[in-house]
Every structure is written in C-alpha cells, then in structure tokens.
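Visitor: Structure provided below as structure tokens; questions to follow.
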Amino acid sequence: MGRPPNLYSFRDVDRDLAPNLRRYVLDQQNEAFKRHDVFRVAISGGSLPKTLAKALLAPPNGSDEDKVDFSKWEIFYADERCVPLDHEDSNHRLVQEEWLNKIPKDMVQPKVYTISEANLDDAQETADEYEQKLVAVFAARDSVKLPLFDLILLGCGPDGHTCSLFPDHPLLREQDAWILSISDSPKPPAKRITLSLPVVVAAAKVGFVATGGGKKDVLKKIFETEEGSKLPCVLVNEGAGEKVSWFCDQAATEGVSFPKRSSVI
Ligand SMILES: O=C(O)[C@H](O)[C@@H](O)[C@H](O)[C@H](O)COP(=O)(O)O
C-alpha cells in the first residue's frame with residue numbers, strides 16, 4: 001500500500017460529520033466538473049443514503065464551491081438487490097425515499113442508473129445488463145480496462161463487507177468483470193449485484209461512511225489487527241490507499257488508535 005487512507009472521526013453526525021461529508025462530496029463534484037463536466041458517483045444502500053441526504057440537502061452557504069449541481073450528476077448503484085425497484089429490499093427504493101425524492105422539484109434532477117427488472121431471477125443476467133449500462137457510459141470494455149467513477153460512496157458491514165463483497169467470498173478474486181452477481185449473500189436478500197473490487201479501487205476517490213457503536217469492533221479489526229487483513233474493507237484500503245476517506249463518528253472509532261482527523265479542510 002502507498003499512503004494510508006484518511007480516517008475522520010466526528011463528534012456528532014448531524015452537526016459535524018454531515019457538513020464535512022458535504023464538503024468532501026462537493027470537492028469531488030467540482031474536480032469532476034473540471035475533468036469532464038459530469039459527476040459520476042456510485043452509492044451503496046444501508047445507512048449511507050440517510051446520512052448523504054443530511055449532507056447534500058442542507059441549505060448551501062452561498063459560496064461557489066458549495067453549489068450542488070445535480071443536473072450534471074450520474075448516480076449508479078455500488079450494489080443492488082435483485083428485486084423490483086419498488087420492493088422494500090431495493091437499494092434504489094431506499095435511496096429514493098431517503099434522499100432523491102427530497103431534492104427540491106424545481107432543481108434539475110440527477111440521472112440515476114437503476115438495474116433492469118427484466119431478469120431478476122437470474123442475478124448473473126441482471127449483473128450483465130447493468131454492466132452494459134456502464135459500458136455505454138464509460139466507453140466500450142475493449143477500449144477501457146475499468147470504468148473510472150469520480151467517487152464511490154460505501155458503507156461497511158459489521159463483518160467487514162462493503163458493496164456486496166463479503167469476507168472470504170470467491171468474488172473477491174474476480175479481476176476481470178466490472179459488475180458481479182452473487183446468489184449466496186450472507187446478508188439477505190441472497191441475490192444481488194455488486195461492483196467488483198478492481199472497479200472500486202480504480203475510482204478517483206472512495207468514501208466510506210460508518211457511524212454508531214455497532215461499527216466499533218469492525219473498525220478496530222479494519223484499522224488495527226492482522227485478523228482484519230483479508231476483510232473486503234481492508235482490501236479497498238490497501239488497493240486505493242490515500243484515495244480512501246472514512247467518515248465515522250466517535251462512537252464508531254472508540255478505541256481505534258489509527259491517526260484520526262476531525263475536519264476535511
Ligand atoms: O445493499 C446492501 O446491503 C448495502 O449496500 C450494504 O453493502 C451496506 O452498505 C452495508 O451493509 C452497511 O450497511 P449499514 O450502513 O446499514 O451498516
């Protein structure tokens with residue numbers, strides 16, 4: 001690994017973490033606009049969309065750097081469950097309810113790339129169809145090795161999983177595909193699709209959001225013990241190094257002695 005990831009620990013989610021997460025996401029948005037006038041971001045489900053809404057739907061401070069321009073956002077799912085888009089297990093439905101539906105209607109809405117509902121019984125087919133959507137956006141697979149997201153925002157499970165990449169699962173060894181299917185997810189529902197590890201590691205930036213006392217043990221494993229060395233979150237830290245930032249609260253980082261920061265500025 002080159003330089004280590006950044007670990008931020010904030011006192012309070014609403015007052016400290018959310019404004020810092022906003023600043024971080026908008027920095028990545030502004031950099032992406034300079035590069036190609038569009039912001040391509042992938043997001044997970046879990047508790048992340050709620051925190052993201054707190055960060056991104058807050059009133060702007062009036063400065064140029066603080067403008068969210070959803071009209072140039074392209075949102076993808078870092079992982080998705082193979083269920084209809086209006087199903088209670090759908091990450092898209094969760095993201096809509098927690099965040100997207102709350103974007104003021106007079107703003108141009110972001111473009112959202114959802115999975116196809118055509119073959120949900122067949123997780124591999126659903127993964128292939130989603131990969132084709134990425135190919136159409138990021139260029140043909142024979143011309144680029146990997147899609148380059150401007151930002152991937154992820155959660156971290158208590159077992160150290162991220163996206164739908166679970167500890168010790170053979171999918172972690174996949175080097176070629178962009179989107180993978182899993183039919184034996186230990187976290188229900190069993191059938192899902194997920195970005196592959198090489199796609200996550202290739203992103204310009206990767207942001208994790210992990211809050212609450214329930215994340216304390218896994219964060220200690222990820223940042224401090226050899227036992228954590230094969231966990232999917234550790235593989236992202238090792239692969240992407242300083243491109244990775246962890247947005248945590250004090251409850252989650254209690255007892256973690258890895259150097260912590262308390263502001264992105
Ligand atoms: O579809 C999913 O199950 C999620 O995308 C999953 O990868 C999630 O991000 C983690 O399990 C963390 O979830 P919490 O933030 O709720 O702990």
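Ordering of the structure tokens sets the chain letters (A, B, ...); residue numbers start at 1 within each chain; ligands are numbered from 1 in the order shown.
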Skipping near chain neighbours, those fewer than 4 positions away, what residues fall within 9 Å of Pro19 (chain A) using only C-alpha atoms, listed as a list in words?
Guide: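 After dropping sequence-adjacent residues, the list is Val13, Asp14, Arg15, Arg23, Tyr24, Lys54, Ala55, Leu56 and Ala58 of chain A.
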Visitor: With N, CA and C atoms retained, could you export that selection as a compact mmCIF listing (two decimals), in the first residue's frame?
Guide:
```txt
# COMPACT_ATOMS: atom_id res chain seq x y z
N VAL A 13 -23.02 13.30 14.19
CA VAL A 13 -23.30 13.06 12.77
C VAL A 13 -23.93 14.30 12.12
N ASP A 14 -24.98 14.84 12.74
CA ASP A 14 -25.70 15.96 12.10
C ASP A 14 -24.85 17.23 12.06
N ARG A 15 -24.19 17.54 13.17
CA ARG A 15 -23.52 18.84 13.24
C ARG A 15 -22.11 18.83 12.65
N ARG A 23 -18.79 18.80 2.21
CA ARG A 23 -17.63 19.48 1.66
C ARG A 23 -16.80 18.52 0.80
N TYR A 24 -16.64 17.30 1.32
CA TYR A 24 -15.84 16.28 0.61
C TYR A 24 -16.50 15.90 -0.72
N LYS A 54 -28.61 14.12 4.62
CA LYS A 54 -28.33 15.19 5.59
C LYS A 54 -27.24 16.11 5.05
N ALA A 55 -26.25 15.50 4.38
CA ALA A 55 -25.12 16.28 3.86
C ALA A 55 -25.54 17.12 2.65
N LEU A 56 -26.25 16.50 1.73
CA LEU A 56 -26.44 17.15 0.42
C LEU A 56 -27.70 17.99 0.31
N ALA A 58 -28.74 19.94 2.76
CA ALA A 58 -28.63 21.09 3.67
C ALA A 58 -28.59 22.38 2.83
```
Visitor: At a cut-off of 7 Å around ligand 1, and using only C-alpha atoms and all ligand atoms, what residues come up? Please write them as number ranges by chain.
Guide: A: 44-48, 79-81, 91, 154-158, 161-164, 187, 210
Visitor: Determine, counting only C-alpha atoms, which protein, DNA and RNA residues have an atom within 12 Å of an atom of Pro110 (chain A); residues of the same chain fewer than 2 positions away are not included. Present the result as a PyMOL selection string.
Guide: chain A and resi 38-41+68-76+96+99-101+103-105+107-108+112-113
Visitor: Keeping only N, CA and C atoms, take the residues you just selected and write them out as a JSON list (two decimals), in the first residue's frame.
Guide:
```
[["chain", "number", "residue", "atom", "x", "y", "z"],
["A", 38, "VAL", "N", -19.13, 16.38, -15.80],
["A", 38, "VAL", "CA", -20.17, 15.48, -15.30],
["A", 38, "VAL", "C", -19.59, 14.84, -14.04],
["A", 39, "PHE", "N", -20.48, 14.44, -13.12],
["A", 39, "PHE", "CA", -20.01, 13.82, -11.88],
["A", 39, "PHE", "C", -20.61, 12.43, -11.80],
["A", 40, "ARG", "N", -19.76, 11.41, -11.90],
["A", 40, "ARG", "CA", -20.24, 10.02, -11.89],
["A", 40, "ARG", "C", -19.94, 9.41, -10.53],
["A", 41, "VAL", "N", -21.00, 9.10, -9.82],
["A", 41, "VAL", "CA", -20.85, 8.63, -8.44],
["A", 41, "VAL", "C", -21.63, 7.34, -8.25],
["A", 68, "VAL", "N", -24.39, 22.42, -5.11],
["A", 68, "VAL", "CA", -24.64, 21.07, -5.61],
["A", 68, "VAL", "C", -25.34, 21.22, -6.96],
["A", 69, "ASP", "N", -24.74, 20.69, -8.02],
["A", 69, "ASP", "CA", -25.39, 20.79, -9.33],
["A", 69, "ASP", "C", -25.83, 19.40, -9.78],
["A", 70, "PHE", "N", -27.02, 18.99, -9.30],
["A", 70, "PHE", "CA", -27.50, 17.64, -9.61],
["A", 70, "PHE", "C", -27.74, 17.44, -11.11],
["A", 71, "SER", "N", -27.88, 18.52, -11.86],
["A", 71, "SER", "CA", -28.15, 18.37, -13.30],
["A", 71, "SER", "C", -27.00, 17.66, -14.01],
["A", 72, "LYS", "N", -25.80, 17.68, -13.39],
["A", 72, "LYS", "CA", -24.65, 17.02, -14.02],
["A", 72, "LYS", "C", -24.20, 15.79, -13.23],
["A", 73, "TRP", "N", -25.07, 15.30, -12.37],
["A", 73, "TRP", "CA", -24.74, 14.07, -11.62],
["A", 73, "TRP", "C", -25.27, 12.85, -12.35],
["A", 74, "GLU", "N", -24.45, 11.81, -12.38],
["A", 74, "GLU", "CA", -24.91, 10.49, -12.85],
["A", 74, "GLU", "C", -24.68, 9.52, -11.70],
["A", 75, "ILE", "N", -25.79, 8.98, -11.19],
["A", 75, "ILE", "CA", -25.73, 8.14, -10.00],
["A", 75, "ILE", "C", -25.89, 6.66, -10.38],
["A", 76, "PHE", "N", -25.00, 5.85, -9.87],
["A", 76, "PHE", "CA", -25.03, 4.39, -10.10],
["A", 76, "PHE", "C", -25.12, 3.71, -8.74],
["A", 96, "GLN", "N", -34.22, 6.53, -3.05],
["A", 96, "GLN", "CA", -35.29, 7.48, -3.43],
["A", 96, "GLN", "C", -35.98, 8.03, -2.19],
["A", 99, "TRP", "N", -33.46, 10.13, 0.05],
["A", 99, "TRP", "CA", -32.70, 11.26, -0.50],
["A", 99, "TRP", "C", -33.31, 11.83, -1.78],
["A", 100, "LEU", "N", -33.35, 11.01, -2.84],
["A", 100, "LEU", "CA", -33.68, 11.57, -4.16],
["A", 100, "LEU", "C", -35.04, 12.26, -4.20],
["A", 101, "ASN", "N", -36.04, 11.64, -3.55],
["A", 101, "ASN", "CA", -37.39, 12.24, -3.58],
["A", 101, "ASN", "C", -37.45, 13.56, -2.83],
["A", 103, "ILE", "N", -35.10, 15.94, -3.11],
["A", 103, "ILE", "CA", -34.44, 17.02, -3.86],
["A", 103, "ILE", "C", -35.54, 17.96, -4.35],
["A", 104, "PRO", "N", -35.41, 19.27, -4.10],
["A", 104, "PRO", "CA", -36.49, 20.19, -4.50],
["A", 104, "PRO", "C", -36.86, 20.01, -5.97],
["A", 105, "LYS", "N", -38.16, 20.01, -6.23],
["A", 105, "LYS", "CA", -38.66, 19.69, -7.58],
["A", 105, "LYS", "C", -38.28, 20.74, -8.62],
["A", 107, "MET", "N", -35.36, 21.87, -9.00],
["A", 107, "MET", "CA", -33.97, 21.64, -9.42],
["A", 107, "MET", "C", -33.97, 20.57, -10.51],
["A", 108, "VAL", "N", -33.02, 20.68, -11.46],
["A", 108, "VAL", "CA", -32.88, 19.59, -12.44],
["A", 108, "VAL", "C", -32.40, 18.36, -11.68],
["A", 112, "VAL", "N", -30.23, 8.78, -12.82],
["A", 112, "VAL", "CA", -29.98, 7.62, -11.97],
["A", 112, "VAL", "C", -30.00, 6.35, -12.82],
["A", 113, "TYR", "N", -28.96, 5.55, -12.72],
["A", 113, "TYR", "CA", -28.87, 4.29, -13.46],
["A", 113, "TYR", "C", -29.29, 3.14, -12.55]]
```
Visitor: What residues in region 33-230 of chain A get the DSSP label strand (DSSP E or B)? Please answer as a VMD selection string.
Guide: chain A and resid 39 to 43 73 to 77 79 to 81 111 to 112 151 to 154 162 165 179 to 182 192 to 195 206 to 210
Visitor: Report as a PyMOL selection string all protein, DNA and RNA residues lying within 9 Å of Ser9 (chain A), evaluated on only C-alpha atoms, omitting residues in the same chain fewer than 5 positions from it.
Guide: chain A and resi 17+246-253+260-263
Visitor: Among region 25-226 of chain A, which ones does DSSP assign to helix (DSSP H, G or I) (computed from the backbone)? Answer as a PyMOL selection string.
Guide: chain A and resi 25-36+48-56+64-66+70-72+91-98+100-102+123-138+170-173+197-202+213-224+226
Visitor: With C-alpha atoms kept, could you save the residues just selected as a PDB file, in the first residue's frame?
Guide:
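In the end it all went to part_36.pdb:
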```pdb
ATOM      1  CA  VAL A  25     -18.505  15.225  -1.919  1.00  0.00           C
ATOM      2  CA  LEU A  26     -18.675  18.725  -3.403  1.00  0.00           C
ATOM      3  CA  ASP A  27     -14.870  18.851  -3.695  1.00  0.00           C
ATOM      4  CA  GLN A  28     -15.079  15.633  -5.741  1.00  0.00           C
ATOM      5  CA  GLN A  29     -18.007  17.059  -7.752  1.00  0.00           C
ATOM      6  CA  ASN A  30     -16.053  20.241  -8.558  1.00  0.00           C
ATOM      7  CA  GLU A  31     -12.925  18.283  -9.543  1.00  0.00           C
ATOM      8  CA  ALA A  32     -15.023  16.013 -11.776  1.00  0.00           C
ATOM      9  CA  PHE A  33     -16.681  19.020 -13.470  1.00  0.00           C
ATOM     10  CA  LYS A  34     -13.199  20.348 -14.296  1.00  0.00           C
ATOM     11  CA  ARG A  35     -12.232  16.962 -15.751  1.00  0.00           C
ATOM     12  CA  HIS A  36     -15.307  16.182 -17.825  1.00  0.00           C
ATOM     13  CA  LEU A  48     -25.493   5.673   3.880  1.00  0.00           C
ATOM     14  CA  PRO A  49     -28.380   7.290   1.907  1.00  0.00           C
ATOM     15  CA  LYS A  50     -29.836   8.869   5.051  1.00  0.00           C
ATOM     16  CA  THR A  51     -26.505  10.429   6.029  1.00  0.00           C
ATOM     17  CA  LEU A  52     -25.930  11.518   2.450  1.00  0.00           C
ATOM     18  CA  ALA A  53     -29.295  13.297   2.433  1.00  0.00           C
ATOM     19  CA  LYS A  54     -28.325  15.187   5.592  1.00  0.00           C
ATOM     20  CA  ALA A  55     -25.123  16.279   3.863  1.00  0.00           C
ATOM     21  CA  LEU A  56     -26.440  17.147   0.422  1.00  0.00           C
ATOM     22  CA  ASP A  64     -19.309  28.810  -5.491  1.00  0.00           C
ATOM     23  CA  GLU A  65     -17.621  25.700  -4.078  1.00  0.00           C
ATOM     24  CA  ASP A  66     -20.725  24.803  -2.074  1.00  0.00           C
ATOM     25  CA  PHE A  70     -27.499  17.645  -9.609  1.00  0.00           C
ATOM     26  CA  SER A  71     -28.151  18.365 -13.302  1.00  0.00           C
ATOM     27  CA  LYS A  72     -24.652  17.023 -14.018  1.00  0.00           C
ATOM     28  CA  ASN A  91     -31.479  -0.046  -2.607  1.00  0.00           C
ATOM     29  CA  HIS A  92     -32.904   2.226  -5.296  1.00  0.00           C
ATOM     30  CA  ARG A  93     -36.177   2.500  -3.415  1.00  0.00           C
ATOM     31  CA  LEU A  94     -34.255   3.270  -0.211  1.00  0.00           C
ATOM     32  CA  VAL A  95     -32.159   5.947  -1.915  1.00  0.00           C
ATOM     33  CA  GLN A  96     -35.292   7.476  -3.434  1.00  0.00           C
ATOM     34  CA  GLU A  97     -37.124   7.553  -0.113  1.00  0.00           C
ATOM     35  CA  GLU A  98     -34.195   8.801   1.946  1.00  0.00           C
ATOM     36  CA  LEU A 100     -33.677  11.574  -4.155  1.00  0.00           C
ATOM     37  CA  ASN A 101     -37.386  12.236  -3.585  1.00  0.00           C
ATOM     38  CA  LYS A 102     -36.405  15.084  -1.250  1.00  0.00           C
ATOM     39  CA  ALA A 123     -28.594 -12.500 -10.867  1.00  0.00           C
ATOM     40  CA  GLN A 124     -25.863 -13.044 -13.477  1.00  0.00           C
ATOM     41  CA  GLU A 125     -28.125 -11.744 -16.251  1.00  0.00           C
ATOM     42  CA  THR A 126     -29.017  -8.723 -14.098  1.00  0.00           C
ATOM     43  CA  ALA A 127     -25.298  -8.088 -13.486  1.00  0.00           C
ATOM     44  CA  ASP A 128     -24.517  -8.386 -17.208  1.00  0.00           C
ATOM     45  CA  GLU A 129     -27.296  -5.947 -18.084  1.00  0.00           C
ATOM     46  CA  TYR A 130     -26.051  -3.434 -15.523  1.00  0.00           C
ATOM     47  CA  GLU A 131     -22.507  -3.825 -16.815  1.00  0.00           C
ATOM     48  CA  GLN A 132     -23.802  -2.974 -20.305  1.00  0.00           C
ATOM     49  CA  LYS A 133     -25.222   0.270 -18.900  1.00  0.00           C
ATOM     50  CA  LEU A 134     -21.777   1.117 -17.549  1.00  0.00           C
ATOM     51  CA  VAL A 135     -20.162   0.211 -20.862  1.00  0.00           C
ATOM     52  CA  ALA A 136     -22.482   2.668 -22.620  1.00  0.00           C
ATOM     53  CA  VAL A 137     -21.460   5.439 -20.217  1.00  0.00           C
ATOM     54  CA  PHE A 138     -17.783   4.764 -19.565  1.00  0.00           C
ATOM     55  CA  PRO A 170     -14.652 -16.068  -4.203  1.00  0.00           C
ATOM     56  CA  LEU A 171     -15.963 -12.826  -5.800  1.00  0.00           C
ATOM     57  CA  LEU A 172     -13.072 -11.037  -4.103  1.00  0.00           C
ATOM     58  CA  ARG A 173     -10.706 -12.762  -6.518  1.00  0.00           C
ATOM     59  CA  LEU A 197     -13.089  -4.880  -6.173  1.00  0.00           C
ATOM     60  CA  PRO A 198     -10.898  -3.646  -9.101  1.00  0.00           C
ATOM     61  CA  VAL A 199     -13.644  -1.149 -10.073  1.00  0.00           C
ATOM     62  CA  VAL A 200     -13.868   0.187  -6.500  1.00  0.00           C
ATOM     63  CA  VAL A 201     -10.093   0.513  -6.213  1.00  0.00           C
ATOM     64  CA  ALA A 202      -9.832   2.293  -9.601  1.00  0.00           C
ATOM     65  CA  GLY A 213     -21.292   1.923  18.302  1.00  0.00           C
ATOM     66  CA  GLY A 214     -22.219  -1.116  16.208  1.00  0.00           C
ATOM     67  CA  LYS A 215     -19.210  -0.363  13.952  1.00  0.00           C
ATOM     68  CA  LYS A 216     -16.659  -0.175  16.799  1.00  0.00           C
ATOM     69  CA  ASP A 217     -15.424  -3.777  16.671  1.00  0.00           C
ATOM     70  CA  VAL A 218     -15.159  -3.989  12.905  1.00  0.00           C
ATOM     71  CA  LEU A 219     -13.314  -0.660  12.664  1.00  0.00           C
ATOM     72  CA  LYS A 220     -10.758  -1.914  15.176  1.00  0.00           C
ATOM     73  CA  LYS A 221     -10.290  -5.023  13.038  1.00  0.00           C
ATOM     74  CA  ILE A 222     -10.025  -2.998   9.830  1.00  0.00           C
ATOM     75  CA  PHE A 223      -7.539  -0.463  11.121  1.00  0.00           C
ATOM     76  CA  GLU A 224      -5.621  -2.403  13.729  1.00  0.00           C
ATOM     77  CA  GLU A 226      -3.949  -8.751  11.368  1.00  0.00           C
TER      78      GLU A 226
END
```
Visitor: Pick the closest to Cys233 (chain A) from A:Glu117, A:Glu174, A:Glu88, A:Asp159: which is it, counting only C-alpha atoms?
Guide: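 The shortest atom-to-atom distance to Cys233 (chain A) comes from A:Asp159.
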Visitor: If you measure from CA of Lys145 (chain A) to CA of Asp121 (chain A), what distance in Å do you get, rounded to one decimal?
Guide: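 Between these atoms lies a distance of 28.6 Å.
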